[in-house]
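Structure file entry33.pdb with PDB, N, CA and C atoms, pLDDT in the B column:
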ATOM      1  N   MET A 763      24.449 148.667-161.830  1.00 75.00           N
ATOM      2  CA  MET A 763      24.148 147.254-161.971  1.00 75.00           C
ATOM      3  C   MET A 763      23.207 146.798-160.860  1.00 75.00           C
ATOM      4  N   GLY A 764      23.429 147.314-159.648  1.00 77.00           N
ATOM      5  CA  GLY A 764      22.572 146.951-158.516  1.00 77.00           C
ATOM      6  C   GLY A 764      21.132 147.356-158.746  1.00 77.00           C
ATOM      7  N   ILE A 765      20.938 148.530-159.355  1.00 82.00           N
ATOM      8  CA  ILE A 765      19.580 148.999-159.644  1.00 82.00           C
ATOM      9  C   ILE A 765      18.922 148.089-160.673  1.00 82.00           C
ATOM     10  N   GLY A 766      19.665 147.647-161.646  1.00 81.00           N
ATOM     11  CA  GLY A 766      19.130 146.735-162.660  1.00 81.00           C
ATOM     12  C   GLY A 766      18.705 145.413-162.057  1.00 81.00           C
ATOM     13  N   VAL A 767      19.512 144.887-161.127  1.00 79.00           N
ATOM     14  CA  VAL A 767      19.168 143.628-160.451  1.00 79.00           C
ATOM     15  C   VAL A 767      17.907 143.818-159.618  1.00 79.00           C
ATOM     16  N   ALA A 768      17.832 144.938-158.889  1.00 83.00           N
ATOM     17  CA  ALA A 768      16.654 145.203-158.059  1.00 83.00           C
ATOM     18  C   ALA A 768      15.393 145.304-158.914  1.00 83.00           C
ATOM     19  N   ILE A 769      15.500 145.994-160.041  1.00 84.00           N
ATOM     20  CA  ILE A 769      14.347 146.120-160.942  1.00 84.00           C
ATOM     21  C   ILE A 769      13.961 144.751-161.501  1.00 84.00           C
ATOM     22  N   GLY A 770      14.944 143.937-161.816  1.00 83.00           N
ATOM     23  CA  GLY A 770      14.674 142.590-162.321  1.00 83.00           C
ATOM     24  C   GLY A 770      13.965 141.732-161.292  1.00 83.00           C
ATOM     25  N   VAL A 771      14.396 141.817-160.037  1.00 84.00           N
ATOM     26  CA  VAL A 771      13.760 141.039-158.964  1.00 84.00           C
ATOM     27  C   VAL A 771      12.326 141.498-158.760  1.00 84.00           C
ATOM     28  N   ILE A 772      12.115 142.800-158.731  1.00 85.00           N
ATOM     29  CA  ILE A 772      10.758 143.330-158.549  1.00 85.00           C
ATOM     30  C   ILE A 772       9.861 142.912-159.706  1.00 85.00           C
ATOM     31  N   ALA A 773      10.374 143.006-160.922  1.00 84.00           N
ATOM     32  CA  ALA A 773       9.587 142.608-162.094  1.00 84.00           C
ATOM     33  C   ALA A 773       9.255 141.120-162.044  1.00 84.00           C
ATOM     34  N   PHE A 774      10.217 140.297-161.638  1.00 81.00           N
ATOM     35  CA  PHE A 774       9.981 138.854-161.542  1.00 81.00           C
ATOM     36  C   PHE A 774       8.881 138.559-160.526  1.00 81.00           C
ATOM     37  N   ARG A 775       8.924 139.228-159.393  1.00 83.00           N
ATOM     38  CA  ARG A 775       7.896 139.004-158.364  1.00 83.00           C
ATOM     39  C   ARG A 775       6.515 139.425-158.857  1.00 83.00           C
ATOM     40  N   LYS A 776       6.452 140.556-159.535  1.00 81.00           N
ATOM     41  CA  LYS A 776       5.167 141.030-160.062  1.00 81.00           C
ATOM     42  C   LYS A 776       4.609 140.064-161.107  1.00 81.00           C
ATOM     43  N   ILE A 777       5.468 139.564-161.967  1.00 78.00           N
ATOM     44  CA  ILE A 777       5.031 138.609-162.995  1.00 78.00           C
ATOM     45  C   ILE A 777       4.559 137.316-162.348  1.00 78.00           C
ATOM     46  N   THR A 778       5.274 136.850-161.330  1.00 75.00           N
ATOM     47  CA  THR A 778       4.884 135.631-160.623  1.00 75.00           C
ATOM     48  C   THR A 778       3.528 135.810-159.954  1.00 75.00           C
ATOM     49  N   GLN A 779       3.313 136.969-159.320  1.00 74.00           N
ATOM     50  CA  GLN A 779       2.021 137.243-158.686  1.00 74.00           C
ATOM     51  C   GLN A 779       0.906 137.284-159.720  1.00 74.00           C
ATOM     52  N   ALA A 780       1.159 137.899-160.852  1.00 71.00           N
ATOM     53  CA  ALA A 780       0.141 137.988-161.904  1.00 71.00           C
ATOM     54  C   ALA A 780      -0.196 136.604-162.446  1.00 71.00           C
ATOM     55  N   GLN A 781       0.809 135.760-162.619  1.00 66.00           N
ATOM     56  CA  GLN A 781       0.556 134.414-163.127  1.00 66.00           C
ATOM     57  C   GLN A 781      -0.254 133.595-162.131  1.00 66.00           C
ATOM     58  N   SER A 782       0.044 133.737-160.841  1.00 66.00           N
ATOM     59  CA  SER A 782      -0.706 132.966-159.846  1.00 66.00           C
ATOM     60  C   SER A 782      -2.148 133.445-159.757  1.00 66.00           C
ATOM     61  N   ALA A 783      -2.374 134.718-160.048  1.00 66.00           N
ATOM     62  CA  ALA A 783      -3.739 135.243-160.011  1.00 66.00           C
ATOM     63  C   ALA A 783      -4.549 134.754-161.206  1.00 66.00           C
ATOM     64  N   LEU A 784      -3.883 134.385-162.289  1.00 70.00           N
ATOM     65  CA  LEU A 784      -4.602 133.953-163.489  1.00 70.00           C
ATOM     66  C   LEU A 784      -4.999 132.485-163.448  1.00 70.00           C
ATOM     67  N   GLY A 785      -4.331 131.691-162.646  1.00 72.00           N
ATOM     68  CA  GLY A 785      -4.612 130.262-162.594  1.00 72.00           C
ATOM     69  C   GLY A 785      -5.859 129.959-161.786  1.00 72.00           C
ATOM     70  N   PRO A 786      -6.238 128.683-161.738  1.00 76.00           N
ATOM     71  CA  PRO A 786      -7.425 128.286-160.980  1.00 76.00           C
ATOM     72  C   PRO A 786      -7.318 128.624-159.491  1.00 76.00           C
ATOM     73  N   GLU A 787      -6.113 128.487-158.932  1.00 76.00           N
ATOM     74  CA  GLU A 787      -5.948 128.791-157.510  1.00 76.00           C
ATOM     75  C   GLU A 787      -6.176 130.278-157.255  1.00 76.00           C
ATOM     76  N   GLY A 788      -5.674 131.107-158.152  1.00 75.00           N
ATOM     77  CA  GLY A 788      -5.876 132.553-158.010  1.00 75.00           C
ATOM     78  C   GLY A 788      -7.341 132.921-158.114  1.00 75.00           C
ATOM     79  N   LEU A 789      -8.041 132.279-159.025  1.00 76.00           N
ATOM     80  CA  LEU A 789      -9.472 132.527-159.171  1.00 76.00           C
ATOM     81  C   LEU A 789     -10.219 132.086-157.916  1.00 76.00           C
ATOM     82  N   ASN A 790      -9.848 130.930-157.381  1.00 82.00           N
ATOM     83  CA  ASN A 790     -10.482 130.438-156.155  1.00 82.00           C
ATOM     84  C   ASN A 790     -10.253 131.404-155.001  1.00 82.00           C
ATOM     85  N   ARG A 791      -9.030 131.934-154.890  1.00 82.00           N
ATOM     86  CA  ARG A 791      -8.738 132.891-153.822  1.00 82.00           C
ATOM     87  C   ARG A 791      -9.557 134.157-153.995  1.00 82.00           C
ATOM     88  N   ALA A 792      -9.672 134.634-155.224  1.00 80.00           N
ATOM     89  CA  ALA A 792     -10.435 135.857-155.486  1.00 80.00           C
ATOM     90  C   ALA A 792     -11.914 135.659-155.153  1.00 80.00           C
ATOM     91  N   VAL A 793     -12.468 134.528-155.529  1.00 83.00           N
ATOM     92  CA  VAL A 793     -13.873 134.245-155.243  1.00 83.00           C
ATOM     93  C   VAL A 793     -14.085 134.094-153.737  1.00 83.00           C
ATOM     94  N   ALA A 794     -13.149 133.450-153.058  1.00 88.00           N
ATOM     95  CA  ALA A 794     -13.266 133.279-151.611  1.00 88.00           C
ATOM     96  C   ALA A 794     -13.224 134.629-150.905  1.00 88.00           C
ATOM     97  N   ARG A 795     -12.326 135.518-151.354  1.00 88.00           N
ATOM     98  CA  ARG A 795     -12.268 136.858-150.755  1.00 88.00           C
ATOM     99  C   ARG A 795     -13.559 137.618-150.997  1.00 88.00           C
ATOM    100  N   LEU A 796     -14.103 137.499-152.197  1.00 87.00           N
ATOM    101  CA  LEU A 796     -15.364 138.168-152.513  1.00 87.00           C
ATOM    102  C   LEU A 796     -16.503 137.617-151.648  1.00 87.00           C
ATOM    103  N   ALA A 797     -16.575 136.300-151.515  1.00 92.00           N
ATOM    104  CA  ALA A 797     -17.615 135.681-150.700  1.00 92.00           C
ATOM    105  C   ALA A 797     -17.489 136.103-149.240  1.00 92.00           C
ATOM    106  N   ASP A 798     -16.264 136.143-148.731  1.00 92.00           N
ATOM    107  CA  ASP A 798     -16.058 136.590-147.354  1.00 92.00           C
ATOM    108  C   ASP A 798     -16.533 138.022-147.172  1.00 92.00           C
ATOM    109  N   GLY A 799     -16.245 138.855-148.145  1.00 91.00           N
ATOM    110  CA  GLY A 799     -16.689 140.249-148.082  1.00 91.00           C
ATOM    111  C   GLY A 799     -18.197 140.367-148.088  1.00 91.00           C
ATOM    112  N   VAL A 800     -18.844 139.564-148.921  1.00 90.00           N
ATOM    113  CA  VAL A 800     -20.312 139.594-148.989  1.00 90.00           C
ATOM    114  C   VAL A 800     -20.914 139.121-147.674  1.00 90.00           C
ATOM    115  N   TYR A 801     -20.370 138.040-147.105  1.00 91.00           N
ATOM    116  CA  TYR A 801     -20.880 137.537-145.823  1.00 91.00           C
ATOM    117  C   TYR A 801     -20.665 138.555-144.711  1.00 91.00           C
ATOM    118  N   ASP A 802     -19.512 139.205-144.685  1.00 93.00           N
ATOM    119  CA  ASP A 802     -19.244 140.224-143.670  1.00 93.00           C
ATOM    120  C   ASP A 802     -20.214 141.392-143.814  1.00 93.00           C
ATOM    121  N   PHE A 803     -20.464 141.809-145.055  1.00 92.00           N
ATOM    122  CA  PHE A 803     -21.404 142.897-145.296  1.00 92.00           C
ATOM    123  C   PHE A 803     -22.811 142.504-144.844  1.00 92.00           C
ATOM    124  N   ALA A 804     -23.235 141.292-145.185  1.00 92.00           N
ATOM    125  CA  ALA A 804     -24.572 140.825-144.796  1.00 92.00           C
ATOM    126  C   ALA A 804     -24.698 140.769-143.274  1.00 92.00           C
ATOM    127  N   ASP A 805     -23.657 140.316-142.589  1.00 92.00           N
ATOM    128  CA  ASP A 805     -23.688 140.277-141.125  1.00 92.00           C
ATOM    129  C   ASP A 805     -23.809 141.681-140.547  1.00 92.00           C
ATOM    130  N   ALA A 806     -23.085 142.633-141.123  1.00 93.00           N
ATOM    131  CA  ALA A 806     -23.157 144.012-140.646  1.00 93.00           C
ATOM    132  C   ALA A 806     -24.548 144.596-140.879  1.00 93.00           C
ATOM    133  N   VAL A 807     -25.147 144.285-142.022  1.00 92.00           N
ATOM    134  CA  VAL A 807     -26.502 144.772-142.314  1.00 92.00           C
ATOM    135  C   VAL A 807     -27.499 144.173-141.327  1.00 92.00           C
ATOM    136  N   ARG A 808     -27.394 142.867-141.067  1.00 94.00           N
ATOM    137  CA  ARG A 808     -28.299 142.218-140.113  1.00 94.00           C
ATOM    138  C   ARG A 808     -28.155 142.820-138.719  1.00 94.00           C
ATOM    139  N   ALA A 809     -26.916 143.051-138.299  1.00 94.00           N
ATOM    140  CA  ALA A 809     -26.689 143.650-136.974  1.00 94.00           C
ATOM    141  C   ALA A 809     -27.297 145.043-136.910  1.00 94.00           C
ATOM    142  N   GLY A 810     -27.136 145.820-137.976  1.00 93.00           N
ATOM    143  CA  GLY A 810     -27.719 147.157-138.014  1.00 93.00           C
ATOM    144  C   GLY A 810     -29.243 147.116-137.996  1.00 93.00           C
ATOM    145  N   MET A 811     -29.811 146.157-138.719  1.00 94.00           N
ATOM    146  CA  MET A 811     -31.267 146.018-138.738  1.00 94.00           C
ATOM    147  C   MET A 811     -31.797 145.653-137.358  1.00 94.00           C
ATOM    148  N   ASN A 812     -31.125 144.720-136.705  1.00 95.00           N
ATOM    149  CA  ASN A 812     -31.556 144.318-135.360  1.00 95.00           C
ATOM    150  C   ASN A 812     -31.451 145.479-134.378  1.00 95.00           C
ATOM    151  N   GLU A 813     -30.372 146.240-134.476  1.00 94.00           N
ATOM    152  CA  GLU A 813     -30.198 147.391-133.590  1.00 94.00           C
ATOM    153  C   GLU A 813     -31.286 148.430-133.838  1.00 94.00           C
ATOM    154  N   ARG A 814     -31.579 148.678-135.087  1.00 95.00           N
ATOM    155  CA  ARG A 814     -32.620 149.653-135.436  1.00 95.00           C
ATOM    156  C   ARG A 814     -33.995 149.178-134.974  1.00 95.00           C
ATOM    157  N   GLU A 815     -34.254 147.878-135.103  1.00 94.00           N
ATOM    158  CA  GLU A 815     -35.535 147.344-134.658  1.00 94.00           C
ATOM    159  C   GLU A 815     -35.705 147.523-133.154  1.00 94.00           C
ATOM    160  N   VAL A 816     -34.636 147.269-132.408  1.00 93.00           N
ATOM    161  CA  VAL A 816     -34.688 147.456-130.960  1.00 93.00           C
ATOM    162  C   VAL A 816     -34.956 148.922-130.634  1.00 93.00           C
ATOM    163  N   ASP A 817     -34.284 149.835-131.347  1.00 94.00           N
ATOM    164  CA  ASP A 817     -34.497 151.262-131.130  1.00 94.00           C
ATOM    165  C   ASP A 817     -35.951 151.656-131.424  1.00 94.00           C
ATOM    166  N   LEU A 818     -36.481 151.164-132.532  1.00 94.00           N
ATOM    167  CA  LEU A 818     -37.857 151.505-132.897  1.00 94.00           C
ATOM    168  C   LEU A 818     -38.857 150.925-131.906  1.00 94.00           C
ATOM    169  N   ARG A 819     -38.663 149.682-131.509  1.00 94.00           N
ATOM    170  CA  ARG A 819     -39.577 149.071-130.532  1.00 94.00           C
ATOM    171  C   ARG A 819     -39.540 149.832-129.209  1.00 94.00           C
ATOM    172  N   SER A 820     -38.348 150.233-128.806  1.00 93.00           N
ATOM    173  CA  SER A 820     -38.211 150.993-127.566  1.00 93.00           C
ATOM    174  C   SER A 820     -38.925 152.339-127.684  1.00 93.00           C
ATOM    175  N   ALA A 821     -38.750 153.011-128.809  1.00 93.00           N
ATOM    176  CA  ALA A 821     -39.377 154.317-129.017  1.00 93.00           C
ATOM    177  C   ALA A 821     -40.893 154.212-129.067  1.00 93.00           C
ATOM    178  N   LEU A 822     -41.404 153.099-129.600  1.00 93.00           N
ATOM    179  CA  LEU A 822     -42.851 152.921-129.710  1.00 93.00           C
ATOM    180  C   LEU A 822     -43.457 152.257-128.480  1.00 93.00           C
ATOM    181  N   GLY A 823     -42.605 151.797-127.564  1.00 91.00           N
ATOM    182  CA  GLY A 823     -43.097 151.160-126.347  1.00 91.00           C
ATOM    183  C   GLY A 823     -43.601 149.754-126.581  1.00 91.00           C
ATOM    184  N   ILE A 824     -43.111 149.089-127.593  1.00 91.00           N
ATOM    185  CA  ILE A 824     -43.534 147.728-127.901  1.00 91.00           C
ATOM    186  C   ILE A 824     -42.627 146.760-127.155  1.00 91.00           C
ATOM    187  N   VAL A 825     -43.252 145.916-126.335  1.00 82.00           N
ATOM    188  CA  VAL A 825     -42.495 144.894-125.635  1.00 82.00           C
ATOM    189  C   VAL A 825     -43.083 143.553-126.071  1.00 82.00           C
ATOM    190  N   GLU A 826     -42.259 142.752-126.708  1.00 74.00           N
ATOM    191  CA  GLU A 826     -42.742 141.474-127.244  1.00 74.00           C
ATOM    192  C   GLU A 826     -41.684 140.413-126.946  1.00 74.00           C
ATOM    193  N   SER A 827     -42.146 139.258-126.507  1.00 64.00           N
ATOM    194  CA  SER A 827     -41.195 138.173-126.221  1.00 64.00           C
ATOM    195  C   SER A 827     -40.742 137.538-127.533  1.00 64.00           C
ATOM    196  N   ASP A 828     -39.570 136.972-127.530  1.00 55.00           N
ATOM    197  CA  ASP A 828     -39.039 136.311-128.724  1.00 55.00           C
ATOM    198  C   ASP A 828     -39.739 134.993-129.007  1.00 55.00           C
ATOM    199  N   ALA A 829     -40.496 134.476-128.065  1.00 46.00           N
ATOM    200  CA  ALA A 829     -41.170 133.194-128.251  1.00 46.00           C
ATOM    201  C   ALA A 829     -42.210 133.284-129.364  1.00 46.00           C
ATOM    202  N   GLY A 830     -42.852 134.421-129.510  1.00 51.00           N
ATOM    203  CA  GLY A 830     -43.881 134.568-130.522  1.00 51.00           C
ATOM    204  C   GLY A 830     -43.323 134.835-131.905  1.00 51.00           C
ATOM    205  N   ARG A 831     -42.067 135.127-131.979  1.00 56.00           N
ATOM    206  CA  ARG A 831     -41.455 135.447-133.256  1.00 56.00           C
ATOM    207  C   ARG A 831     -40.814 134.196-133.837  1.00 56.00           C
ATOM    208  N   ARG A 832     -40.881 134.088-135.134  1.00 51.00           N
ATOM    209  CA  ARG A 832     -40.251 133.008-135.919  1.00 51.00           C
ATOM    210  C   ARG A 832     -40.802 131.695-135.534  1.00 51.00           C
TER     211      ARG A 832
END

What would the structure in this file look like if it were written as structure tokens?
Amino acid sequence: MGIGVAIGVIAFRKITQAQSALGPEGLNRAVARLADGVYDFADAVRAGMNEREVDLRSALGIVESDAGRR
């Protein structure tokens, strides 16, 4: 009987989680997580690009002030 109750509780929790994921709030959470992931990825790409640019400028002996850029 205890195993049946435990299975029932687990099933209830899973169903509740699935229902919350289907509603507007669940969709909003999913989109927010996706957007956060995209922003984190873009930040990592920008950091890598900046690091690579510094490496290339150093290797080529290019010294340029930031005032002339942007």

Straight-line distance linking CA of Ala804 in chain A with CA of Gly785 in chain A, stated in Å to one decimal
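About the pair CA of Ala804 in chain A and CA of Gly785 in chain A: they are 28.8 Å apart.
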
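Secondary structure by DSSP on the backbone puts the following residues of range 798-831 of chain A in alpha helix (DSSP H): Asp798, Gly799, Val800, Tyr801, Asp802, Phe803, Ala804, Asp805, Ala806, Val807, Arg808, Ala809, Gly810, Met811, Asn812, Glu813, Arg814, Glu815, Val816, Asp817, Leu818, Arg819, Ser820, Ala821 and Leu822 of chain A.
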
Distance of atom C of Ala809 in chain A from CA of Ala794 in chain A, expressed in Å to one decimal place
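Between CA of Ala794 in chain A and atom C of Ala809 in chain A the gap works out to 23.5 Å.
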
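Atom N of Ile824 in chain A sits 19.7 Å away from atom C of Arg808 in chain A.
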
Can you report as AutoDock Vina command-line options the centre and edge lengths in Å, to one decimal, of an axis-aligned box around the listed atoms of range 771-777 of chain A padded with 8 Å on each side?
--center_x 9.5 --center_y 140.3 --center_z -160.7 --size_x 25.8 --size_y 22.0 --size_z 20.6

Rebuild N, CA, C and O atoms on range 791-813 of chain A, as a tab-separated table (two decimals), in the coordinates of the input?
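Wrote result-v4.tsv, looks like this:
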chain	number	residue	atom	x	y	z
A	791	ARG	N	-9.03	131.93	-154.89
A	791	ARG	CA	-8.74	132.89	-153.82
A	791	ARG	C	-9.56	134.16	-154.00
A	791	ARG	O	-10.11	134.70	-153.03
A	792	ALA	N	-9.67	134.63	-155.22
A	792	ALA	CA	-10.44	135.86	-155.49
A	792	ALA	C	-11.91	135.66	-155.15
A	792	ALA	O	-12.54	136.52	-154.53
A	793	VAL	N	-12.47	134.53	-155.53
A	793	VAL	CA	-13.87	134.24	-155.24
A	793	VAL	C	-14.08	134.09	-153.74
A	793	VAL	O	-15.08	134.58	-153.19
A	794	ALA	N	-13.15	133.45	-153.06
A	794	ALA	CA	-13.27	133.28	-151.61
A	794	ALA	C	-13.22	134.63	-150.90
A	794	ALA	O	-14.00	134.87	-149.98
A	795	ARG	N	-12.33	135.52	-151.35
A	795	ARG	CA	-12.27	136.86	-150.76
A	795	ARG	C	-13.56	137.62	-151.00
A	795	ARG	O	-14.07	138.30	-150.10
A	796	LEU	N	-14.10	137.50	-152.20
A	796	LEU	CA	-15.36	138.17	-152.51
A	796	LEU	C	-16.50	137.62	-151.65
A	796	LEU	O	-17.29	138.37	-151.09
A	797	ALA	N	-16.58	136.30	-151.51
A	797	ALA	CA	-17.61	135.68	-150.70
A	797	ALA	C	-17.49	136.10	-149.24
A	797	ALA	O	-18.50	136.40	-148.59
A	798	ASP	N	-16.26	136.14	-148.73
A	798	ASP	CA	-16.06	136.59	-147.35
A	798	ASP	C	-16.53	138.02	-147.17
A	798	ASP	O	-17.16	138.36	-146.17
A	799	GLY	N	-16.24	138.85	-148.15
A	799	GLY	CA	-16.69	140.25	-148.08
A	799	GLY	C	-18.20	140.37	-148.09
A	799	GLY	O	-18.77	141.16	-147.34
A	800	VAL	N	-18.84	139.56	-148.92
A	800	VAL	CA	-20.31	139.59	-148.99
A	800	VAL	C	-20.91	139.12	-147.67
A	800	VAL	O	-21.86	139.73	-147.15
A	801	TYR	N	-20.37	138.04	-147.10
A	801	TYR	CA	-20.88	137.54	-145.82
A	801	TYR	C	-20.66	138.56	-144.71
A	801	TYR	O	-21.55	138.77	-143.88
A	802	ASP	N	-19.51	139.21	-144.68
A	802	ASP	CA	-19.24	140.22	-143.67
A	802	ASP	C	-20.21	141.39	-143.81
A	802	ASP	O	-20.73	141.91	-142.82
A	803	PHE	N	-20.46	141.81	-145.06
A	803	PHE	CA	-21.40	142.90	-145.30
A	803	PHE	C	-22.81	142.50	-144.84
A	803	PHE	O	-23.50	143.28	-144.19
A	804	ALA	N	-23.24	141.29	-145.18
A	804	ALA	CA	-24.57	140.82	-144.80
A	804	ALA	C	-24.70	140.77	-143.27
A	804	ALA	O	-25.74	141.15	-142.72
A	805	ASP	N	-23.66	140.32	-142.59
A	805	ASP	CA	-23.69	140.28	-141.12
A	805	ASP	C	-23.81	141.68	-140.55
A	805	ASP	O	-24.55	141.91	-139.59
A	806	ALA	N	-23.08	142.63	-141.12
A	806	ALA	CA	-23.16	144.01	-140.65
A	806	ALA	C	-24.55	144.60	-140.88
A	806	ALA	O	-25.08	145.31	-140.02
A	807	VAL	N	-25.15	144.28	-142.02
A	807	VAL	CA	-26.50	144.77	-142.31
A	807	VAL	C	-27.50	144.17	-141.33
A	807	VAL	O	-28.36	144.88	-140.78
A	808	ARG	N	-27.39	142.87	-141.07
A	808	ARG	CA	-28.30	142.22	-140.11
A	808	ARG	C	-28.16	142.82	-138.72
A	808	ARG	O	-29.15	143.06	-138.03
A	809	ALA	N	-26.92	143.05	-138.30
A	809	ALA	CA	-26.69	143.65	-136.97
A	809	ALA	C	-27.30	145.04	-136.91
A	809	ALA	O	-27.93	145.41	-135.91
A	810	GLY	N	-27.14	145.82	-137.98
A	810	GLY	CA	-27.72	147.16	-138.01
A	810	GLY	C	-29.24	147.12	-138.00
A	810	GLY	O	-29.89	147.94	-137.33
A	811	MET	N	-29.81	146.16	-138.72
A	811	MET	CA	-31.27	146.02	-138.74
A	811	MET	C	-31.80	145.65	-137.36
A	811	MET	O	-32.81	146.21	-136.90
A	812	ASN	N	-31.12	144.72	-136.71
A	812	ASN	CA	-31.56	144.32	-135.36
A	812	ASN	C	-31.45	145.48	-134.38
A	812	ASN	O	-32.35	145.69	-133.55
A	813	GLU	N	-30.37	146.24	-134.48
A	813	GLU	CA	-30.20	147.39	-133.59
A	813	GLU	C	-31.29	148.43	-133.84
A	813	GLU	O	-31.87	148.98	-132.90
